[in-house]
Amino acid sequence: MIKSSLPPIISKQVLEDGVEWQLRIDAELPYFNGHFPEQAVLPGVTQLDWAVQLGAAEFGYRPEVQTLEVLKFQQLILPGSQVRLKISLNRAKHKLTFAYYQDDQRYGSGRICLAPLQSNQEAC
């Protein structure tokens, strides 16, 4: 997994079923360079990496993907956007579910299985 630096975090809210961050997607982020010349778009691999980094840190896992079960990109995230990233955890299965959205606009979502923090813990 690449290690993308995180975007500016506007807010973080702990919810009953997970955690939600409000992210500012500045036009100056390096991930927009050359992706694409006609219209800059936040790469899907960057979105996945941010979800892995934030989810692993929040829930106590290594930021290593064991299995990528579901990944869907519905709309493009453009420079200057603000988006919400919600991540929930199924601890018994080491699975994170994440979704990028703002109001009724869904940008992308997925379900991944992360490596447990302790090597003696059962993996996916």
# chains A, B, ... in the order shown; residues from 1 in each chain; ligands from 1

call {"tool": "residues_around", "arguments": {"residues": "Asp103 (chain A)", "least_positions_apart": "4", "cutoff": "12 Å", "atoms": "only C-alpha atoms", "output": "compact mmCIF listing (two decimals) with C-alpha atoms, in the first residue's frame"}}
result
# COMPACT_ATOMS: atom_id res chain seq x y z
CA GLN A 22 -14.85 15.76 7.22
CA GLN A 82 -15.20 18.76 0.98
CA VAL A 83 -16.17 15.16 1.59
CA ARG A 84 -17.09 12.98 4.52
CA LEU A 85 -15.35 9.67 5.10
CA TYR A 107 -18.24 9.18 -4.21

call {"tool": "residues_around", "arguments": {"residues": "Leu23 (chain A)", "least_positions_apart": "3", "cutoff": "12 Å", "atoms": "only C-alpha atoms", "output": "list in words"}}
result
Leu6, Pro7, Pro8, Ile9, Ile10, Ser11, Lys12, Gln13, Glu20, Asp26, Gln47, Trp50, Ala51, Leu54, Ile77, Pro79, Gly80, Ser81, Gln82, Val83, Arg84, Leu85, Lys86, Tyr100, Tyr101 and Gln102 of chain A

call {"tool": "write_last_selection", "arguments": {"atoms": "C-alpha atoms", "output": "JSON list (two decimals), in the first residue's frame"}}
result
[["chain", "number", "residue", "atom", "x", "y", "z"],
["A", 6, "LEU", "CA", -3.66, 12.70, 4.60],
["A", 7, "PRO", "CA", -5.68, 15.71, 3.48],
["A", 8, "PRO", "CA", -6.62, 18.45, 5.95],
["A", 9, "ILE", "CA", -9.13, 17.08, 8.46],
["A", 10, "ILE", "CA", -11.86, 19.61, 9.24],
["A", 11, "SER", "CA", -13.61, 17.53, 11.87],
["A", 12, "LYS", "CA", -13.88, 14.06, 13.36],
["A", 13, "GLN", "CA", -16.99, 12.61, 14.94],
["A", 20, "GLU", "CA", -16.67, 10.03, 10.42],
["A", 26, "ASP", "CA", -7.36, 21.03, -1.56],
["A", 47, "GLN", "CA", -9.00, 7.30, -1.51],
["A", 50, "TRP", "CA", -6.67, 7.31, 3.24],
["A", 51, "ALA", "CA", -9.41, 4.92, 4.39],
["A", 54, "LEU", "CA", -7.44, 6.41, 9.16],
["A", 77, "ILE", "CA", -13.79, 13.72, -6.21],
["A", 79, "PRO", "CA", -10.13, 19.60, -6.32],
["A", 80, "GLY", "CA", -11.68, 22.04, -3.85],
["A", 81, "SER", "CA", -14.25, 19.53, -2.59],
["A", 82, "GLN", "CA", -15.20, 18.76, 0.98],
["A", 83, "VAL", "CA", -16.17, 15.16, 1.59],
["A", 84, "ARG", "CA", -17.09, 12.98, 4.52],
["A", 85, "LEU", "CA", -15.35, 9.67, 5.10],
["A", 86, "LYS", "CA", -17.25, 7.24, 7.33],
["A", 100, "TYR", "CA", -16.88, 8.81, 0.89],
["A", 101, "TYR", "CA", -19.91, 11.06, 0.53],
["A", 102, "GLN", "CA", -21.29, 14.58, 0.98]]

call {"tool": "residues_around", "arguments": {"residues": "Phe98 (chain A)", "least_positions_apart": "6", "cutoff": "9 Å", "atoms": "only C-alpha atoms", "output": "list of chain:residue names"}}
result
A:Leu48, A:Ala51, A:Gly55, A:Leu85, A:Lys86, A:Ile87, A:Ser88, A:Leu89, A:Gly108, A:Ser109, A:Gly110, A:Arg111, A:Ile112

call {"tool": "residues_around", "arguments": {"residues": "Gln66 (chain A)", "least_positions_apart": "3", "cutoff": "7 Å", "atoms": "only C-alpha atoms", "output": "list of chain:residue names"}}
result
A:Cys113, A:Leu114, A:Ala115, A:Cys124

call {"tool": "write_last_selection", "arguments": {"atoms": "C-alpha atoms", "output": "JSON list (two decimals), in the first residue's frame"}}
result
[["chain", "number", "residue", "atom", "x", "y", "z"],
["A", 113, "CYS", "CA", -9.85, -6.82, 5.69],
["A", 114, "LEU", "CA", -6.86, -5.45, 7.61],
["A", 115, "ALA", "CA", -3.92, -7.22, 9.20],
["A", 124, "CYS", "CA", -8.98, -12.67, 7.70]]

call {"tool": "atom_distance", "arguments": {"atom1": "CA of Val14 (chain A)", "atom2": "CA of Glu58 (chain A)"}}
result
10.1 Å

call {"tool": "residues_around", "arguments": {"residues": "Leu76 (chain A)", "least_positions_apart": "6", "cutoff": "10 Å", "atoms": "only C-alpha atoms", "output": "number ranges by chain"}}
result
A: 40-44, 106-108

call {"tool": "atom_distance", "arguments": {"atom1": "CA of Ala27 (chain A)", "atom2": "CA of Phe73 (chain A)"}}
result
19.9 Å

call {"tool": "select_by_dssp", "arguments": {"residues": "chain A", "states": "helix (DSSP H, G or I)", "output": "list of chain:residue names"}}
result
A:Pro30, A:Tyr31, A:Phe32, A:Gly44, A:Val45, A:Thr46, A:Gln47, A:Leu48, A:Asp49, A:Trp50, A:Ala51, A:Val52, A:Gln53, A:Leu54, A:Gly55, A:Ala56, A:Ala57, A:Glu58, A:Phe59, A:Arg91, A:Ala92, A:Lys93

call {"tool": "write_last_selection", "arguments": {"atoms": "C-alpha atoms", "output": "PDB file, in the first residue's frame"}}
result
ATOM      1  CA  PRO A  30       0.048  16.361  -5.091  1.00  0.00           C
ATOM      2  CA  TYR A  31      -2.268  13.486  -6.073  1.00  0.00           C
ATOM      3  CA  PHE A  32      -3.981  15.690  -8.650  1.00  0.00           C
ATOM      4  CA  GLY A  44      -9.024   5.913  -6.328  1.00  0.00           C
ATOM      5  CA  VAL A  45      -5.829   4.426  -4.888  1.00  0.00           C
ATOM      6  CA  THR A  46      -5.424   7.587  -2.780  1.00  0.00           C
ATOM      7  CA  GLN A  47      -8.999   7.298  -1.509  1.00  0.00           C
ATOM      8  CA  LEU A  48      -8.363   3.671  -0.557  1.00  0.00           C
ATOM      9  CA  ASP A  49      -5.071   4.547   1.139  1.00  0.00           C
ATOM     10  CA  TRP A  50      -6.673   7.308   3.245  1.00  0.00           C
ATOM     11  CA  ALA A  51      -9.410   4.919   4.394  1.00  0.00           C
ATOM     12  CA  VAL A  52      -6.800   2.289   5.326  1.00  0.00           C
ATOM     13  CA  GLN A  53      -4.616   4.777   7.207  1.00  0.00           C
ATOM     14  CA  LEU A  54      -7.440   6.410   9.161  1.00  0.00           C
ATOM     15  CA  GLY A  55      -9.276   3.157   9.866  1.00  0.00           C
ATOM     16  CA  ALA A  56      -6.162   1.286  10.995  1.00  0.00           C
ATOM     17  CA  ALA A  57      -5.090   4.105  13.309  1.00  0.00           C
ATOM     18  CA  GLU A  58      -8.578   4.583  14.749  1.00  0.00           C
ATOM     19  CA  PHE A  59      -9.324   0.921  15.406  1.00  0.00           C
ATOM     20  CA  ARG A  91     -13.867  -6.365  14.808  1.00  0.00           C
ATOM     21  CA  ALA A  92     -14.566 -10.121  14.805  1.00  0.00           C
ATOM     22  CA  LYS A  93     -13.682 -10.304  11.102  1.00  0.00           C
TER      23      LYS A  93
END

call {"tool": "closest_residue", "arguments": {"among": "A:Val70, A:Leu78, A:Val19, A:Leu96", "to": "Gln39 (chain A)", "atoms": "only C-alpha atoms"}}
result
A:Leu78

call {"tool": "select_by_dssp", "arguments": {"residues": "region 27-110 of chain A", "states": "strand (DSSP E or B)", "output": "VMD selection string"}}
result
chain A and resid 61 to 73 81 to 90 95 to 102 105 to 110

call {"tool": "atom_distance", "arguments": {"atom1": "CA of Pro37 (chain A)", "atom2": "CA of Lys72 (chain A)"}}
result
23.2 Å
